[in-house]
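*Asks:* So that you have it, the file is coords-v2.tsv, and it contains TSV, C-alpha atoms (C1' of nucleotides):
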chain	number	residue	atom	x	y	z
I	1	MET	CA	-48.48	131.70	96.43
I	2	ASP	CA	-48.32	132.71	100.05
I	3	ASP	CA	-51.93	131.87	100.62
I	4	TYR	CA	-51.08	129.94	103.70
I	5	GLN	CA	-49.22	132.83	105.24
I	6	ASP	CA	-52.25	135.06	104.63
I	7	TYR	CA	-54.43	132.48	106.26
I	8	ARG	CA	-52.28	131.96	109.35
I	9	LEU	CA	-51.84	135.67	109.84
I	10	PHE	CA	-55.52	136.27	109.45
I	11	GLN	CA	-56.35	133.51	111.89
I	12	GLU	CA	-53.89	134.78	114.47
I	13	LEU	CA	-55.08	138.34	114.14
I	14	SER	CA	-58.66	137.16	114.58
I	15	LEU	CA	-57.77	135.52	117.87
I	16	LEU	CA	-55.94	138.60	119.04
I	17	LEU	CA	-58.78	140.94	118.09
I	18	ASP	CA	-61.33	138.70	119.80
I	19	HIS	CA	-59.24	138.61	122.92
I	20	ALA	CA	-58.67	142.36	122.94
I	21	ASP	CA	-62.36	143.07	122.40
I	22	ARG	CA	-63.29	140.73	125.20
I	23	LEU	CA	-60.97	142.54	127.57
I	24	VAL	CA	-62.53	145.87	126.59
I	25	LEU	CA	-66.15	144.69	126.72
I	26	ARG	CA	-65.81	142.76	129.95
I	27	GLN	CA	-66.16	145.93	132.00
I	28	PHE	CA	-69.58	146.45	130.42
I	29	ARG	CA	-70.71	142.88	131.15
I	30	LEU	CA	-70.95	142.13	127.43
I	31	ASN	CA	-69.32	139.69	125.07
I	32	THR	CA	-68.69	140.37	121.41
I	33	LEU	CA	-71.93	138.88	120.17
I	34	GLN	CA	-74.01	140.69	122.76
I	35	TYR	CA	-72.31	143.95	121.87
I	36	ASN	CA	-72.92	143.44	118.15
I	37	ALA	CA	-76.56	142.76	118.89
I	38	LEU	CA	-76.88	145.99	120.86
I	39	LEU	CA	-75.37	147.85	117.92
I	40	LEU	CA	-78.10	146.59	115.63
I	41	LEU	CA	-81.02	147.31	117.90
I	42	ASP	CA	-82.88	150.58	118.29
I	43	THR	CA	-85.82	151.81	120.30
I	44	ASP	CA	-88.35	151.86	117.49
I	45	GLU	CA	-89.39	148.98	115.26
I	46	GLY	CA	-87.44	146.19	116.82
I	47	TRP	CA	-85.86	143.11	115.27
I	48	ARG	CA	-87.19	139.59	115.00
I	49	LEU	CA	-84.90	136.96	116.53
I	50	THR	CA	-84.50	135.12	113.25
I	51	ASP	CA	-83.39	138.28	111.48
I	52	LEU	CA	-80.90	138.94	114.24
I	53	SER	CA	-79.46	135.45	113.88
I	54	GLU	CA	-78.94	135.92	110.15
I	55	ARG	CA	-77.32	139.29	110.62
I	56	LEU	CA	-75.09	138.08	113.47
I	57	LEU	CA	-74.14	134.87	111.65
I	58	CYS	CA	-75.19	132.56	114.47
I	59	GLU	CA	-77.95	130.08	115.23
I	60	ARG	CA	-81.44	131.13	116.25
I	61	SER	CA	-81.03	129.27	119.52
I	62	THR	CA	-77.99	131.39	120.26
I	63	VAL	CA	-80.05	134.51	119.71
I	64	THR	CA	-82.73	133.21	122.05
I	65	ARG	CA	-80.20	132.92	124.86
I	66	LEU	CA	-78.50	136.18	123.91
I	67	VAL	CA	-81.83	137.96	124.12
I	68	ASP	CA	-82.56	136.19	127.43
I	69	TYR	CA	-79.35	137.61	128.84
I	70	LEU	CA	-79.75	141.15	127.53
I	71	GLU	CA	-83.32	141.14	128.80
I	72	SER	CA	-82.19	139.98	132.25
I	73	GLU	CA	-79.73	142.88	132.23
I	74	GLY	CA	-82.60	145.23	131.45
I	75	LEU	CA	-80.99	146.37	128.22
I	76	ILE	CA	-83.65	145.20	125.79
I	77	ALA	CA	-87.34	144.34	125.79
I	78	ARG	CA	-89.29	141.65	123.99
I	79	SER	CA	-92.66	142.59	122.57
I	80	PRO	CA	-95.06	140.54	120.47
I	81	ASP	CA	-95.05	141.09	116.76
I	82	PRO	CA	-98.28	142.82	115.75
I	83	GLY	CA	-98.72	140.80	112.58
I	84	ASP	CA	-97.41	137.36	113.48
I	85	ARG	CA	-97.89	135.65	116.82
I	86	ARG	CA	-94.90	133.41	116.15
I	87	SER	CA	-92.52	136.36	116.12
I	88	GLN	CA	-91.24	138.71	118.76
I	89	ARG	CA	-89.81	142.17	118.39
I	90	VAL	CA	-86.70	143.13	120.34
I	91	THR	CA	-86.07	146.78	121.14
I	92	LEU	CA	-83.52	148.69	123.19
I	93	THR	CA	-84.49	150.07	126.57
I	94	ALA	CA	-83.15	153.36	127.90
I	95	ALA	CA	-80.61	151.38	129.91
I	96	GLY	CA	-79.66	149.55	126.75
I	97	VAL	CA	-79.06	152.81	124.92
I	98	ALA	CA	-76.83	153.98	127.77
I	99	ARG	CA	-74.86	150.72	128.01
I	100	ARG	CA	-74.37	150.63	124.27
I	101	ARG	CA	-73.12	154.20	124.26
I	102	GLU	CA	-70.51	153.47	126.92
I	103	ALA	CA	-69.31	150.26	125.32
I	104	GLN	CA	-69.26	151.76	121.86
I	105	ALA	CA	-67.09	154.65	123.02
I	106	ALA	CA	-64.56	152.23	124.48
I	107	ILE	CA	-64.53	149.87	121.53
I	108	GLU	CA	-64.29	152.56	118.89
I	109	GLU	CA	-61.46	154.18	120.74
I	110	ALA	CA	-59.60	150.87	120.69
I	111	ILE	CA	-60.41	150.25	117.04
I	112	GLY	CA	-59.23	153.71	116.10
I	113	ARG	CA	-55.91	153.11	117.80
I	114	ARG	CA	-55.44	149.75	116.13
I	115	PHE	CA	-56.21	150.85	112.60
I	116	SER	CA	-54.49	154.20	112.89
I	117	ILE	CA	-51.35	152.48	111.64
I	118	LEU	CA	-52.96	152.21	108.19
I	119	ASN	CA	-53.25	155.24	105.95
I	120	SER	CA	-56.38	156.00	103.94
I	121	GLU	CA	-55.14	154.31	100.81
I	122	GLU	CA	-54.17	151.17	102.69
I	123	GLU	CA	-57.52	151.13	104.41
I	124	ARG	CA	-59.28	151.42	101.09
I	125	GLN	CA	-57.27	148.50	99.72
I	126	LEU	CA	-57.83	146.41	102.83
I	127	ILE	CA	-61.58	146.96	102.73
I	128	ALA	CA	-61.67	146.03	99.05
I	129	MET	CA	-59.74	142.83	99.64
I	130	LEU	CA	-61.77	141.82	102.66
I	131	LYS	CA	-64.99	142.32	100.73
I	132	ARG	CA	-63.80	140.11	97.91
I	133	LEU	CA	-62.72	137.44	100.37
I	134	ARG	CA	-66.06	137.64	102.13
I	135	THR	CA	-67.84	136.98	98.87
I	136	VAL	CA	-65.67	133.96	98.11
I	137	VAL	CA	-65.94	132.41	101.54
I	138	SER	CA	-69.69	132.99	101.73
I	139	ALA	CA	-70.04	131.17	98.45
I	140	GLU	CA	-67.87	128.33	99.70
I	141	ILE	CA	-70.00	127.89	102.80
I	142	ALA	CA	-73.23	128.05	100.83
I	143	GLU	CA	-71.89	125.41	98.48
I	144	ILE	CA	-70.85	123.03	101.24
I	145	GLU	CA	-74.12	123.43	103.11
I	146	ALA	CA	-76.15	123.00	99.95
I	147	ALA	CA	-74.26	119.81	99.17
I	148	SER	CA	-74.76	118.38	102.65
I	149	SER	CA	-78.45	119.28	102.89
I	150	GLU	CA	-79.02	117.87	99.44
I	151	ALA	CA	-77.27	114.70	100.49
I	152	SER	CA	-79.56	114.33	103.50
I	153	SER	CA	-82.78	115.13	101.64
I	154	THR	CA	-81.92	113.03	98.61
I	155	PRO	CA	-80.24	109.92	100.00
I	156	SER	CA	-79.96	108.50	96.49
S	1	MET	CA	-61.45	157.11	108.85
S	2	ASP	CA	-63.28	153.94	108.00
S	3	ASP	CA	-61.67	152.06	110.85
S	4	TYR	CA	-65.00	150.71	111.89
S	5	GLN	CA	-65.72	149.31	108.45
S	6	ASP	CA	-62.36	147.54	108.49
S	7	TYR	CA	-63.21	146.13	111.87
S	8	ARG	CA	-66.67	144.88	110.99
S	9	LEU	CA	-65.47	143.35	107.76
S	10	PHE	CA	-62.62	141.68	109.52
S	11	GLN	CA	-64.90	140.33	112.22
S	12	GLU	CA	-67.41	139.01	109.72
S	13	LEU	CA	-64.73	137.38	107.59
S	14	SER	CA	-63.30	135.74	110.70
S	15	LEU	CA	-66.64	134.15	111.46
S	16	LEU	CA	-67.03	132.96	107.90
S	17	LEU	CA	-63.53	131.50	107.73
S	18	ASP	CA	-63.99	129.73	111.07
S	19	HIS	CA	-67.26	128.28	109.87
S	20	ALA	CA	-65.81	127.17	106.55
S	21	ASP	CA	-62.80	125.59	108.21
S	22	ARG	CA	-65.01	123.75	110.64
S	23	LEU	CA	-67.04	122.30	107.78
S	24	VAL	CA	-63.86	121.13	106.07
S	25	LEU	CA	-62.21	119.72	109.19
S	26	ARG	CA	-65.30	118.01	110.52
S	27	GLN	CA	-64.76	115.04	108.21
S	28	PHE	CA	-61.39	114.48	109.86
S	29	ARG	CA	-62.84	114.67	113.39
S	30	LEU	CA	-60.80	117.80	114.13
S	31	ASN	CA	-61.62	121.35	115.08
S	32	THR	CA	-59.49	124.32	114.16
S	33	LEU	CA	-57.41	124.30	117.30
S	34	GLN	CA	-56.76	120.58	117.10
S	35	TYR	CA	-55.71	120.94	113.50
S	36	ASN	CA	-53.36	123.80	114.27
S	37	ALA	CA	-51.81	121.72	117.03
S	38	LEU	CA	-51.22	118.83	114.65
S	39	LEU	CA	-49.50	121.21	112.27
S	40	LEU	CA	-47.03	122.21	114.94
S	41	LEU	CA	-46.18	118.73	116.12
S	42	ASP	CA	-43.65	116.34	114.66
S	43	THR	CA	-42.34	112.90	115.44
S	44	ASP	CA	-39.03	113.94	116.94
S	45	GLU	CA	-38.45	116.27	119.87
S	46	GLY	CA	-42.00	116.96	120.89
S	47	TRP	CA	-43.58	120.06	122.39
S	48	ARG	CA	-44.27	120.89	126.00
S	49	LEU	CA	-47.94	121.70	126.71
S	50	THR	CA	-47.11	125.18	127.95
S	51	ASP	CA	-45.22	125.99	124.77
S	52	LEU	CA	-48.14	124.74	122.72
S	53	SER	CA	-50.53	126.98	124.62
S	54	GLU	CA	-48.38	130.03	123.93
S	55	ARG	CA	-48.06	129.21	120.28
S	56	LEU	CA	-51.75	128.45	119.87
S	57	LEU	CA	-52.84	131.51	121.84
S	58	CYS	CA	-54.98	129.59	124.29
S	59	GLU	CA	-54.94	128.56	127.94
S	60	ARG	CA	-52.86	125.69	129.26
S	61	SER	CA	-56.00	123.94	130.44
S	62	THR	CA	-57.32	124.04	126.90
S	63	VAL	CA	-54.13	122.35	125.71
S	64	THR	CA	-54.49	119.68	128.35
S	65	ARG	CA	-57.92	118.76	127.02
S	66	LEU	CA	-56.82	119.14	123.42
S	67	VAL	CA	-53.95	116.73	124.04
S	68	ASP	CA	-56.32	114.39	125.88
S	69	TYR	CA	-58.53	114.28	122.80
S	70	LEU	CA	-55.76	113.85	120.23
S	71	GLU	CA	-54.26	111.13	122.40
S	72	SER	CA	-57.61	109.34	122.62
S	73	GLU	CA	-57.73	109.48	118.83
S	74	GLY	CA	-54.31	107.90	118.72
S	75	LEU	CA	-52.83	110.83	116.81
S	76	ILE	CA	-50.26	111.92	119.37
S	77	ALA	CA	-48.32	110.48	122.30
S	78	ARG	CA	-47.31	111.96	125.65
S	79	SER	CA	-43.85	111.16	126.93
S	80	PRO	CA	-42.04	112.40	130.01
S	81	ASP	CA	-39.57	115.22	129.59
S	82	PRO	CA	-36.04	113.88	130.19
S	83	GLY	CA	-34.89	116.95	132.04
S	84	ASP	CA	-37.95	118.10	134.00
S	85	ARG	CA	-40.41	115.78	135.67
S	86	ARG	CA	-43.09	118.48	135.60
S	87	SER	CA	-43.11	118.61	131.81
S	88	GLN	CA	-44.38	116.26	129.14
S	89	ARG	CA	-43.36	115.99	125.53
S	90	VAL	CA	-46.05	115.59	122.89
S	91	THR	CA	-45.16	113.92	119.59
S	92	LEU	CA	-47.07	112.80	116.53
S	93	THR	CA	-47.81	109.13	116.02
S	94	ALA	CA	-47.87	107.52	112.60
S	95	ALA	CA	-51.65	107.84	112.63
S	96	GLY	CA	-51.22	111.51	113.52
S	97	VAL	CA	-48.96	112.07	110.55
S	98	ALA	CA	-51.50	110.42	108.28
S	99	ARG	CA	-54.48	112.34	109.65
S	100	ARG	CA	-52.60	115.60	109.43
S	101	ARG	CA	-51.65	114.93	105.84
S	102	GLU	CA	-55.27	114.30	104.85
S	103	ALA	CA	-56.63	117.32	106.68
S	104	GLN	CA	-53.87	119.57	105.43
S	105	ALA	CA	-54.54	118.65	101.84
S	106	ALA	CA	-58.21	119.54	102.22
S	107	ILE	CA	-57.60	122.78	104.09
S	108	GLU	CA	-54.87	124.02	101.80
S	109	GLU	CA	-56.99	123.29	98.80
S	110	ALA	CA	-59.74	125.43	100.32
S	111	ILE	CA	-57.34	128.19	101.30
S	112	GLY	CA	-55.85	128.25	97.84
S	113	ARG	CA	-59.29	128.70	96.31
S	114	ARG	CA	-60.20	131.49	98.71
S	115	PHE	CA	-57.06	133.53	98.31
S	116	SER	CA	-56.69	132.90	94.59
S	117	ILE	CA	-58.78	136.02	94.05
S	118	LEU	CA	-55.82	138.12	95.24
S	119	ASN	CA	-52.82	138.66	93.00
S	120	SER	CA	-49.26	138.49	94.28
S	121	GLU	CA	-48.96	142.21	94.87
S	122	GLU	CA	-52.23	142.32	96.79
S	123	GLU	CA	-51.17	139.34	98.85
S	124	ARG	CA	-47.90	141.05	99.67
S	125	GLN	CA	-49.74	144.17	100.79
S	126	LEU	CA	-52.28	142.18	102.80
S	127	ILE	CA	-49.56	140.25	104.61
S	128	ALA	CA	-47.73	143.46	105.42
S	129	MET	CA	-50.85	145.12	106.82
S	130	LEU	CA	-51.86	142.08	108.84
S	131	LYS	CA	-48.40	141.90	110.37
S	132	ARG	CA	-48.52	145.52	111.42
S	133	LEU	CA	-51.98	145.06	112.90
S	134	ARG	CA	-50.81	141.97	114.75
S	135	THR	CA	-48.04	143.95	116.36
S	136	VAL	CA	-50.40	146.71	117.46
S	137	VAL	CA	-53.07	144.39	118.85
S	138	SER	CA	-50.50	142.23	120.65
S	139	ALA	CA	-49.17	145.34	122.32
S	140	GLU	CA	-52.67	146.43	123.29
S	141	ILE	CA	-53.39	143.08	124.90
S	142	ALA	CA	-50.08	143.02	126.73
S	143	GLU	CA	-50.78	146.51	128.03
S	144	ILE	CA	-54.25	145.68	129.30
S	145	GLU	CA	-53.10	142.46	130.94
S	146	ALA	CA	-50.09	144.14	132.52
S	147	ALA	CA	-52.35	146.81	133.93
S	148	SER	CA	-54.84	144.34	135.35
S	149	SER	CA	-52.25	142.00	136.85
S	150	GLU	CA	-50.45	144.94	138.36
S	151	ALA	CA	-53.71	146.13	139.84
S	152	SER	CA	-54.31	142.74	141.45
S	153	SER	CA	-50.80	142.30	142.79
S	154	THR	CA	-50.55	145.88	144.05
S	155	PRO	CA	-54.00	146.67	145.39
S	156	SER	CA	-52.80	150.08	146.49
C	1	DC	C1'	-29.13	123.24	152.95
C	2	DG	C1'	-33.97	125.19	153.35
C	3	DC	C1'	-37.91	127.55	152.33
C	4	DG	C1'	-40.69	130.50	149.61
C	5	DA	C1'	-41.70	131.76	144.77
C	6	DT	C1'	-42.34	130.08	140.26
C	7	DT	C1'	-43.51	126.76	136.77
C	8	DT	C1'	-46.10	122.69	134.70
C	9	DG	C1'	-49.95	120.32	134.04
C	10	DT	C1'	-54.61	119.11	135.71
C	11	DT	C1'	-59.36	119.66	137.38
C	12	DG	C1'	-63.79	122.09	138.58
C	13	DC	C1'	-66.82	125.34	137.17
C	14	DG	C1'	-69.31	128.52	134.45
C	15	DA	C1'	-70.16	130.78	129.98
C	16	DT	C1'	-70.91	130.25	125.15
C	17	DT	C1'	-72.40	128.06	121.07
C	18	DG	C1'	-74.04	124.67	117.39
C	19	DC	C1'	-77.20	121.10	116.33
C	20	DA	C1'	-81.38	118.37	116.75
C	21	DA	C1'	-85.87	117.97	118.48
C	22	DT	C1'	-90.10	120.26	119.99
C	23	DT	C1'	-94.07	123.58	120.39
C	24	DG	C1'	-96.95	126.84	118.58
C	25	DT	C1'	-98.30	129.60	114.46
C	26	DT	C1'	-98.99	130.68	109.66
C	27	DG	C1'	-99.92	129.88	104.84
C	28	DC	C1'	-101.23	127.22	101.07
C	29	DA	C1'	-103.54	123.80	98.48
C	30	DA	C1'	-106.90	120.13	97.91
L	1	DT	C1'	-112.48	123.72	105.94
L	2	DT	C1'	-108.77	120.66	106.69
L	3	DG	C1'	-104.32	118.89	106.42
L	4	DC	C1'	-99.62	119.57	105.68
L	5	DA	C1'	-95.40	122.08	104.88
L	6	DA	C1'	-92.84	126.00	106.37
L	7	DC	C1'	-91.50	129.10	109.87
L	8	DA	C1'	-90.48	131.39	114.76
L	9	DA	C1'	-88.78	130.60	119.00
L	10	DT	C1'	-87.34	127.61	122.60
L	11	DT	C1'	-85.09	123.71	125.00
L	12	DG	C1'	-81.89	119.73	125.78
L	13	DC	C1'	-77.57	118.14	124.98
L	14	DA	C1'	-72.81	118.01	123.94
L	15	DA	C1'	-68.53	120.32	122.65
L	16	DT	C1'	-65.44	124.00	123.56
L	17	DC	C1'	-62.95	127.28	126.14
L	18	DG	C1'	-61.33	130.70	129.79
L	19	DC	C1'	-60.43	131.36	134.54
L	20	DA	C1'	-59.33	130.08	139.23
L	21	DA	C1'	-57.70	126.71	142.37
L	22	DC	C1'	-54.66	123.07	143.00
L	23	DA	C1'	-50.59	119.41	143.42
L	24	DA	C1'	-46.14	118.27	142.16
L	25	DA	C1'	-41.67	119.67	140.76
L	26	DT	C1'	-38.10	123.04	140.18
L	27	DC	C1'	-35.63	127.24	141.03
L	28	DG	C1'	-33.39	130.76	143.57
L	29	DC	C1'	-31.80	133.27	147.26
L	30	DG	C1'	-30.31	133.69	151.96
How does this structure look as structure tokens?

*Replies:*
Amino acid sequence: MDDYQDYRLFQELSLLLDHADRLVLRQFRLNTLQYNALLLLDTDEGWRLTDLSERLLCERSTVTRLVDYLESEGLIARSPDPGDRRSQRVTLTAAGVARRREAQAAIEEAIGRRFSILNSEEERQLIAMLKRLRTVVSAEIAEIEAASSEASSTPS
Amino acid sequence: MDDYQDYRLFQELSLLLDHADRLVLRQFRLNTLQYNALLLLDTDEGWRLTDLSERLLCERSTVTRLVDYLESEGLIARSPDPGDRRSQRVTLTAAGVARRREAQAAIEEAIGRRFSILNSEEERQLIAMLKRLRTVVSAEIAEIEAASSEASSTPS
DNA sequence: CGCGATTTGTTGCGATTGCAATTGTTGCAA
DNA sequence: TTGCAACAATTGCAATCGCAACAAATCGCG
């Protein structure tokens, strides 16, 4: 019915949220992806770059450069994987913990203000709808990519 | 309450939708911004670049390069503004109309499939919530930018 | 009128990211 | 064991975009 209105609104809100986040995170010398990476990391086991790329929905090469940056900022550390010399483990440093704490406080304060206009029931409904949409769109992407990779591997 | 879950879901769905759109639009040699610009344009009056940038929520320089590209593809035409020699009017060419029609059919088909999992009542609720969020986030951005521009113009 | 402020569009520059190609490593099968 | 496919990470390259600086044109106020 009004699918297109949903879509346009969603798209516009995405742009606005990105922009707002960027303004908030700028003071911590982080962009959205870098911040999301810090949120995932901890000081113990560490993540492999490939796993980070899957979780962050970006390319492995992007994670390489993201880790380069966070390492140059002293926020994370690379260490070799004990069981596989191809892999590296990325862990938070003490400075990384501190930077993440500061940024997280600012972001969550902003998020709280934004979503405070929804009551609990609305939030519950929104979450349910977003989850269903996520499932559908993930399937759509998987289908397209399967079709294109099949086309390239089987040039019948 | 679960503000943060809303936020993460929204962010993830944004990435997925962007990615899916890009896969659909790629066959028409368009990215999301270029497609959205084509949607706004028509063959009559034409838009000024500055107005396009405000509507598309991007910088004027981005519109300059976007218009450069669409012009090189033969989809739009620049013409001088009758009343202001600083301005230019951008209008769709016949090829632009055709390309837009093809891309729009593909995108709207995809959007229809994605949002078909919501019923009318859910769609109504989603639109209402997204509109309220848009208002809040727009205000947040305006506030931050007002504060920063004031700080730079009045370095008290 | 005249001059400074504002507006429009452009360009230079840096940051970010996807994609393809490459290097080094691992695992599996002959 | 050896050879080959799969995998981890990196690099080169191009596309995209925001921001700041800029030139030309317009506006507005004395």

*Asks:* Quote the spacing between CA of Val90 (chain I) and CA of Arg48 (chain I) in Å to one decimal place.

*Replies:*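 Interatomic distance, CA of Val90 (chain I) to CA of Arg48 (chain I): 6.4 Å.
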
*Asks:* Out of L:DC7, L:DC17, L:DC29, L:DA24, which residue has the shortest atom-to-atom distance to Leu57 (chain S) when counting all atoms listed in the file?

*Replies:* L:DC17

*Asks:* For a quick test of understanding: name the residues of chain C lying within 12 Å of chain I when counting all atoms listed in the file, and present them as a tab-separated table (two decimals) with C-alpha atoms (C1' of nucleotides), in the coordinates of the input.

*Replies:*
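part.tsv was written with the following content:
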chain	number	residue	atom	x	y	z
C	15	DA	C1'	-70.16	130.78	129.98
C	16	DT	C1'	-70.91	130.25	125.15
C	17	DT	C1'	-72.40	128.06	121.07
C	18	DG	C1'	-74.04	124.67	117.39
C	19	DC	C1'	-77.20	121.10	116.33
C	20	DA	C1'	-81.38	118.37	116.75
C	23	DT	C1'	-94.07	123.58	120.39
C	24	DG	C1'	-96.95	126.84	118.58
C	25	DT	C1'	-98.30	129.60	114.46
C	26	DT	C1'	-98.99	130.68	109.66
C	27	DG	C1'	-99.92	129.88	104.84

*Asks:* Could you pull the residues within 8 Å of region 34-39 of chain S, counting all atoms listed in the file, minus those fewer than 4 positions along the same chain, as a PyMOL selection string?

*Replies:* chain S and resi 25+30+52+56+66+70+92+96+100+103

*Asks:* List the neighbours of DT2 (chain L) out to 12 Å using only C-alpha atoms (C1' of nucleotides); skip same-chain residues closer than 6 positions along the sequence, and give me the result as a PyMOL selection string.

*Replies:* chain C and resi 28-30

*Asks:* Write to file, as a CSV table (one decimal), in the coordinates of the input, the residues of the selection just made, with C-alpha atoms (C1' of nucleotides).

*Replies:*
chain,number,residue,atom,x,y,z
C,28,DC,C1',-101.2,127.2,101.1
C,29,DA,C1',-103.5,123.8,98.5
C,30,DA,C1',-106.9,120.1,97.9

*Asks:* Based on all atoms listed in the file, which of the residues in chain L come within 9 Å of chain I? I want them as a JSON list (two decimals) with C-alpha atoms (C1' of nucleotides), in the frame of the given file.

*Replies:*
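This is the output file selection_23.json:
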[["chain", "number", "residue", "atom", "x", "y", "z"],
["L", 7, "DC", "C1'", -91.50, 129.10, 109.87],
["L", 8, "DA", "C1'", -90.48, 131.39, 114.76],
["L", 9, "DA", "C1'", -88.78, 130.60, 119.00],
["L", 10, "DT", "C1'", -87.34, 127.61, 122.60],
["L", 11, "DT", "C1'", -85.09, 123.71, 125.00]]

*Asks:* In Å, how far is it from CA of Lys131 (chain S) to CA of Glu12 (chain S)?

*Replies:*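 So the two atoms, CA of Lys131 (chain S) and CA of Glu12 (chain S), lie 19.2 Å apart.
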
*Asks:* At what distance in Å, to one decimal, does CA of Ile117 (chain S) lie from CA of Asp6 (chain S)?

*Replies:*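 We find that CA of Asp6 (chain S) and CA of Ile117 (chain S) lie 18.8 Å from each other.
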
*Asks:* Choose the residue, out of S:Asp51, S:Thr43, S:Arg8, S:Ala20, that has the smallest atom-to-atom separation from chain I; count all atoms listed in the file.

*Replies:*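 Closest to chain I of all the choices is S:Ala20.
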